[in-house]
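Participant: coords.cif is reproduced in full below (mmCIF, C-alpha atoms).
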```cif
data_coords
#
loop_
_atom_site.label_atom_id
_atom_site.label_comp_id
_atom_site.auth_asym_id
_atom_site.auth_seq_id
_atom_site.Cartn_x
_atom_site.Cartn_y
_atom_site.Cartn_z
CA MET A 171 48.05 5.83 66.02
CA ARG A 172 48.12 4.03 62.72
CA LYS A 173 45.98 0.98 62.05
CA LYS A 174 47.88 -2.11 61.11
CA LYS A 175 47.26 -3.47 57.65
CA THR A 176 45.58 -6.86 57.71
CA SER A 177 46.38 -7.96 54.13
CA GLY A 178 48.85 -10.79 54.19
CA SER A 179 48.38 -11.24 57.92
CA ALA A 180 48.85 -14.71 59.31
CA PHE A 181 45.57 -14.23 61.20
CA ILE A 182 43.46 -14.13 58.01
CA LYS A 183 41.51 -17.36 57.59
CA LEU A 184 41.47 -18.84 54.10
CA ARG A 185 38.30 -20.51 52.95
CA LYS A 186 38.81 -24.22 52.62
CA LEU A 187 37.88 -25.51 49.18
CA PRO A 188 35.78 -28.68 48.98
CA GLU A 189 37.78 -31.82 48.33
CA VAL A 190 37.42 -33.37 44.93
CA SER A 191 37.58 -37.14 44.85
CA ARG A 192 40.03 -38.48 42.28
CA LEU A 193 38.53 -40.79 39.70
CA PRO A 194 40.56 -43.46 37.95
CA SER A 195 41.88 -42.28 34.59
CA SER A 196 39.96 -43.65 31.63
CA PRO A 197 40.16 -43.10 27.84
CA PRO A 198 37.78 -40.67 26.20
CA PRO A 199 34.46 -42.28 25.33
CA ASP A 200 35.18 -42.11 21.60
CA THR A 201 38.51 -44.01 21.87
CA PRO A 202 38.02 -47.58 20.59
CA SER A 203 38.98 -50.45 22.85
CA TRP A 204 40.47 -52.33 19.90
CA ARG A 205 43.35 -51.90 17.49
CA LEU A 206 43.95 -53.15 13.94
CA TYR A 207 46.84 -53.23 11.50
CA LEU A 208 45.94 -50.63 8.88
CA ARG A 209 49.07 -50.41 6.68
CA THR A 210 51.47 -52.80 4.97
CA THR A 211 54.29 -50.84 6.58
CA ASP A 212 53.17 -52.16 10.00
CA LEU A 213 51.65 -55.56 9.18
CA PRO A 214 54.04 -58.50 9.75
CA LEU A 215 54.34 -60.73 6.69
CA ASP A 216 53.19 -63.89 8.49
CA ARG A 217 49.91 -62.17 9.42
CA PHE A 218 49.38 -60.94 5.86
CA ILE A 219 49.88 -64.48 4.54
CA ARG A 220 47.24 -65.77 6.99
CA ALA A 221 44.75 -63.13 5.89
CA TYR A 222 45.50 -63.46 2.17
CA CYS A 223 45.91 -67.20 1.73
CA GLU A 224 43.60 -68.52 4.45
CA ASP A 225 41.00 -65.71 4.47
CA ASP A 226 41.65 -65.32 8.21
CA LEU A 227 41.15 -61.59 8.69
CA THR A 228 41.54 -61.91 12.47
CA ALA A 229 45.25 -61.80 11.65
CA LEU A 230 44.81 -58.02 11.37
CA VAL A 231 43.62 -57.67 14.99
CA ILE A 232 46.22 -56.30 17.40
CA LYS A 233 43.94 -56.23 20.44
CA GLY A 234 40.27 -56.19 21.43
CA ASP A 235 37.25 -57.20 19.37
CA PRO A 236 36.90 -54.87 16.37
CA PRO A 237 33.62 -54.75 14.40
CA ALA A 238 33.58 -56.94 11.30
CA ASP A 239 33.10 -53.95 8.98
CA GLU A 240 36.19 -52.23 10.41
CA ILE A 241 38.25 -55.39 9.87
CA GLN A 242 37.01 -55.65 6.28
CA LYS A 243 37.77 -51.97 5.66
CA ALA A 244 41.31 -52.42 7.02
CA TRP A 245 41.88 -55.50 4.84
CA GLU A 246 40.71 -53.76 1.67
CA ALA A 247 43.13 -50.88 2.31
CA ILE A 248 46.00 -53.28 3.00
CA TYR A 249 45.24 -55.43 -0.04
CA ASP A 250 45.06 -52.40 -2.35
CA ASP A 251 48.38 -51.15 -0.98
CA TYR A 252 49.91 -54.62 -1.46
CA THR A 253 48.82 -54.91 -5.10
CA ASP A 254 50.04 -51.38 -5.82
CA LYS A 255 53.46 -52.13 -4.34
CA MET A 256 53.75 -55.48 -6.11
CA ALA A 257 53.08 -53.90 -9.51
CA SER A 258 56.40 -53.07 -11.15
CA ASP A 259 57.04 -49.80 -12.94
CA ASN A 260 56.90 -51.57 -16.31
CA TYR A 261 53.71 -53.47 -15.56
CA ARG A 262 53.19 -56.37 -17.98
CA ASP A 263 50.08 -58.40 -18.57
CA ILE A 264 49.75 -62.03 -17.51
CA GLN A 265 50.23 -63.45 -21.01
CA GLU A 266 53.60 -61.73 -21.48
CA VAL A 267 54.86 -62.74 -18.04
CA THR A 268 53.72 -66.32 -18.56
CA LYS A 269 55.63 -66.43 -21.85
CA GLU A 270 58.81 -65.32 -20.09
CA ILE A 271 58.27 -67.88 -17.33
CA ASN A 272 57.91 -70.65 -19.91
CA LEU A 273 61.00 -69.48 -21.81
CA ALA A 274 63.14 -69.36 -18.64
CA THR A 275 61.89 -72.82 -17.62
CA ILE A 276 62.61 -74.28 -21.08
CA LYS A 277 66.15 -72.90 -21.09
CA TYR A 278 66.79 -74.28 -17.60
CA ASN A 279 65.49 -77.74 -18.53
CA ALA A 280 67.43 -77.72 -21.82
CA VAL A 281 70.74 -76.95 -20.10
CA LYS A 282 70.00 -79.60 -17.47
CA THR A 283 69.31 -82.19 -20.20
CA ILE A 284 72.52 -81.31 -22.07
CA VAL A 285 74.61 -81.51 -18.89
CA GLN A 286 73.12 -84.87 -17.89
CA LEU A 287 73.64 -86.24 -21.40
CA LEU A 288 77.30 -85.24 -21.51
CA GLU A 289 77.87 -86.59 -17.99
CA PHE A 290 76.69 -90.02 -19.15
CA PHE A 291 78.25 -89.79 -22.64
CA PRO A 292 81.46 -87.74 -22.43
CA VAL A 293 82.21 -88.23 -26.14
CA GLN A 294 83.59 -85.55 -28.45
CA GLU A 295 80.93 -86.23 -31.05
CA TRP A 296 78.18 -85.47 -28.51
CA VAL A 297 80.07 -82.41 -27.26
CA ASP A 298 80.20 -81.03 -30.82
CA VAL A 299 76.46 -81.60 -31.26
CA CYS A 300 75.46 -80.11 -27.90
CA GLN A 301 77.85 -77.15 -27.78
CA PRO A 302 75.80 -74.77 -30.03
CA SER A 303 72.56 -75.55 -28.15
CA LEU A 304 74.25 -75.00 -24.80
CA ASN A 305 75.59 -71.62 -25.94
CA ALA A 306 72.15 -70.63 -27.27
CA CYS A 307 70.42 -71.52 -24.00
CA LEU A 308 72.95 -69.70 -21.81
CA GLY A 309 73.04 -66.68 -24.09
CA PHE A 310 76.84 -66.71 -24.41
CA GLU A 311 79.65 -69.10 -25.41
CA TRP A 312 80.46 -71.71 -22.80
CA PRO A 313 83.46 -73.82 -23.89
CA LEU A 314 83.61 -77.54 -23.18
CA ASP A 315 87.09 -79.10 -23.19
CA LEU A 316 86.92 -82.89 -23.18
CA SER A 317 90.72 -83.22 -23.26
CA ASP A 318 90.85 -82.41 -19.55
CA LYS A 319 88.36 -84.65 -17.69
CA ILE A 320 88.45 -82.66 -14.42
CA LEU A 321 88.04 -79.34 -16.24
CA PHE A 322 85.22 -80.84 -18.32
CA VAL A 323 83.26 -81.79 -15.19
CA GLN A 324 83.81 -78.31 -13.75
CA GLN A 325 82.57 -76.74 -16.99
CA LEU A 326 79.39 -78.82 -16.86
CA GLU A 327 78.82 -77.81 -13.24
CA GLY A 328 79.42 -74.16 -14.16
CA ALA A 329 76.89 -74.35 -16.99
CA MET A 330 74.33 -75.79 -14.56
CA GLY A 331 75.11 -72.99 -12.10
CA HIS A 332 74.34 -70.36 -14.73
CA ALA A 333 71.14 -72.19 -15.69
CA ALA A 334 69.99 -72.08 -12.06
CA SER A 335 69.39 -68.34 -12.49
CA PHE A 336 66.75 -69.19 -15.11
CA PHE A 337 64.92 -71.32 -12.57
CA THR A 338 65.13 -68.60 -9.93
CA GLU A 339 63.87 -66.04 -12.42
CA ALA A 340 60.94 -68.23 -13.47
CA GLU A 341 59.87 -68.84 -9.87
CA ALA A 342 60.16 -65.15 -9.01
CA MET A 343 57.98 -64.13 -11.96
CA ARG A 344 55.49 -66.92 -11.26
CA VAL A 345 54.77 -65.60 -7.76
CA THR A 346 54.61 -61.96 -8.91
CA LEU A 347 52.08 -62.52 -11.69
CA PRO A 348 49.67 -59.56 -11.78
CA LYS A 349 46.47 -60.07 -9.82
CA THR A 350 43.31 -58.07 -10.35
CA LYS A 351 41.22 -58.80 -7.29
CA ALA A 352 41.36 -60.23 -3.82
CA GLY A 353 40.00 -63.73 -3.47
CA SER A 354 40.82 -64.68 -7.08
CA ALA A 355 41.51 -68.33 -7.83
CA SER A 356 45.07 -67.57 -8.92
CA LYS A 357 46.22 -66.06 -5.64
CA PRO A 358 49.34 -67.59 -4.06
CA THR A 359 49.13 -70.31 -1.43
CA VAL A 360 50.99 -70.45 1.87
CA GLU A 361 53.41 -72.91 0.24
CA SER A 362 54.10 -70.55 -2.68
CA PHE A 363 54.90 -67.74 -0.23
CA ASP A 364 57.29 -70.12 1.56
CA GLU A 365 58.97 -70.91 -1.77
CA MET A 366 59.24 -67.22 -2.57
CA ILE A 367 60.79 -66.48 0.81
CA VAL A 368 63.39 -69.21 0.21
CA ILE A 369 64.19 -67.67 -3.19
CA LEU A 370 64.40 -64.17 -1.68
CA SER A 371 66.69 -65.48 1.08
CA ARG A 372 68.95 -67.11 -1.50
CA TYR A 373 68.99 -63.96 -3.64
CA ASN A 374 69.71 -61.62 -0.69
CA LYS A 375 72.08 -64.13 0.95
CA TYR A 376 70.34 -63.97 4.33
CA LYS A 377 67.26 -65.67 5.78
CA ILE A 378 64.03 -63.70 5.51
CA GLN A 379 62.00 -63.96 8.74
CA LYS A 380 58.24 -63.74 8.16
CA ARG A 381 57.46 -62.42 11.65
CA GLU A 382 60.18 -59.77 11.58
CA THR A 383 59.55 -58.60 8.00
CA THR A 384 56.66 -56.26 7.23
CA THR A 385 54.47 -56.80 4.19
CA SER A 386 55.79 -53.56 2.70
CA GLU A 387 59.41 -54.70 3.12
CA PHE A 388 58.54 -57.99 1.42
CA CYS A 389 57.09 -56.11 -1.57
CA ILE A 390 60.18 -53.91 -1.84
CA MET A 391 62.48 -56.95 -1.74
CA MET A 392 60.40 -58.62 -4.45
CA GLN A 393 60.63 -55.53 -6.66
CA ASP A 394 64.37 -55.28 -6.05
CA MET A 395 64.92 -58.93 -6.99
CA HIS A 396 62.75 -58.58 -10.08
CA ARG A 397 64.71 -55.52 -11.25
CA GLY A 398 68.01 -57.31 -10.58
CA LEU A 399 66.98 -60.37 -12.59
CA GLU A 400 65.64 -58.16 -15.38
CA ALA A 401 68.96 -56.27 -15.55
CA ALA A 402 70.93 -59.53 -15.57
CA ARG A 403 68.81 -60.89 -18.41
CA ARG A 404 69.27 -57.74 -20.48
CA ALA A 405 73.03 -57.86 -19.88
CA GLN A 406 73.16 -61.46 -21.13
CA ASN A 407 71.20 -60.59 -24.26
CA ASN A 408 73.49 -57.66 -25.13
#
```
What is this structure when it is put down as structure tokens?
Facilitator:
Amino acid sequence: MRKKKTSGSAFIKLRKLPEVSRLPSSPPPDTPSWRLYLRTTDLPLDRFIRAYCEDDLTALVIKGDPPADEIQKAWEAIYDDYTDKMASDNYRDIQEVTKEINLATIKYNAVKTIVQLLEFFPVQEWVDVCQPSLNACLGFEWPLDLSDKILFVQQLEGAMGHAASFFTEAEAMRVTLPKTKAGSASKPTVESFDEMIVILSRYNKYKIQKRETTTSEFCIMMQDMHRGLEAARRAQNN
């Protein structure tokens, strides 16, 4: 009589393995318990302004309590990236940019003075005297017709509207003056960033939100506005 095979039999006792107690999951020992913003592509603009203008580098902390040297290292990387992005392709020195700022400001103030003068003294003799200077400041001929009072007022308002671009251009260049090092005396203030954001909002025709805009996006918008103003100025001079 054949012996029955015992492999796979229900009567075989399996050895019970020792139970392993489950430990709560925890991060690897080398995982830091803190996080920092490390790139301009992630850093919200309002935090960058705090760090840059107020020297408050805690603005870079996302969570935890990072070591001071790690915060400083993160800030240096962010600042270098910021200055690189803010430098235009045709990088110009401070003296040249300052000259253009002064020229744009002078043209704006000259047009404003002419408009105010002709508003108070709408006389043909003054129109004849001011017309060449107005054309020179605007960069193109801008007719003034005193025979039609309503049209004359509209022409003065239009001249002032064109001159406003000079003011916008001057303010944009003023804020984007080249900077060589962090902590320099010429760095922008919180108020100057606010002014620049207002100018950017006006240029882009929508409100720029500091908390929702990254530092990198701000730099790109600044470059885009600068290129647009540069192209407009070249078109006027041609």
Participant: Calculated over all atoms listed in the file, which of the candidates A:Phe322, A:Tyr373, A:Tyr252, A:Phe337 has the smallest distance to Glu289 (chain A)?
Facilitator: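 Once distances to Glu289 (chain A) are computed over all atoms listed in the file, the minimum belongs to A:Phe322.
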Participant: Apply the PyMOL selection byres ((chain A and resi 219) around 12) to the displayed file and report the matching residues as a PyMOL selection string.
Facilitator: chain A and resi 210+213-218+220-230+248-249+252+357-364+367+380-381+383-385+388
Participant: Take CA of Val297 (chain A) and CA of Asn272 (chain A) and report the distance between them in Å, one decimal.
Facilitator: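 The value is 26.1 Å.
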Participant: On this structure, which residues satisfy the PyMOL selection byres ((chain A and resi 277) around 8), written as number ranges by chain?
Facilitator: A: 273-276, 278-281, 307-308, 333, 336
Participant: Have a look at CA of Glu382 (chain A) and CA of Pro237 (chain A) and let me know their distance in Å, one decimal.
Facilitator: 27.2 Å
Participant: Using the chain letters and numbering of this document, enumerate as a PyMOL selection string the residues selected by the PyMOL selection byres ((chain A and resi 312) around 12).
Facilitator: chain A and resi 281+297+300-311+313-315+322+324-330+332-333
Participant: May I ask for the distance between CA of Arg344 (chain A) and CA of Lys243 (chain A), given in Å to one decimal place?
Facilitator: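 Atom-to-atom, CA of Arg344 (chain A) and CA of Lys243 (chain A) are spaced 28.7 Å apart.
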Participant: I'd like to know which of A:Leu370, A:Ala247, A:Cys389, A:Leu321 is closest to Thr338 (chain A), using all atoms listed in the file.
Facilitator: A:Leu370
Participant: Within 8 Å of His396 (chain A), counting all atoms listed in the file, which residues qualify if same-chain residues fewer than 6 places away don't, as a list of chain:residue names?
Facilitator: A:Glu339, A:Ala342, A:Met343
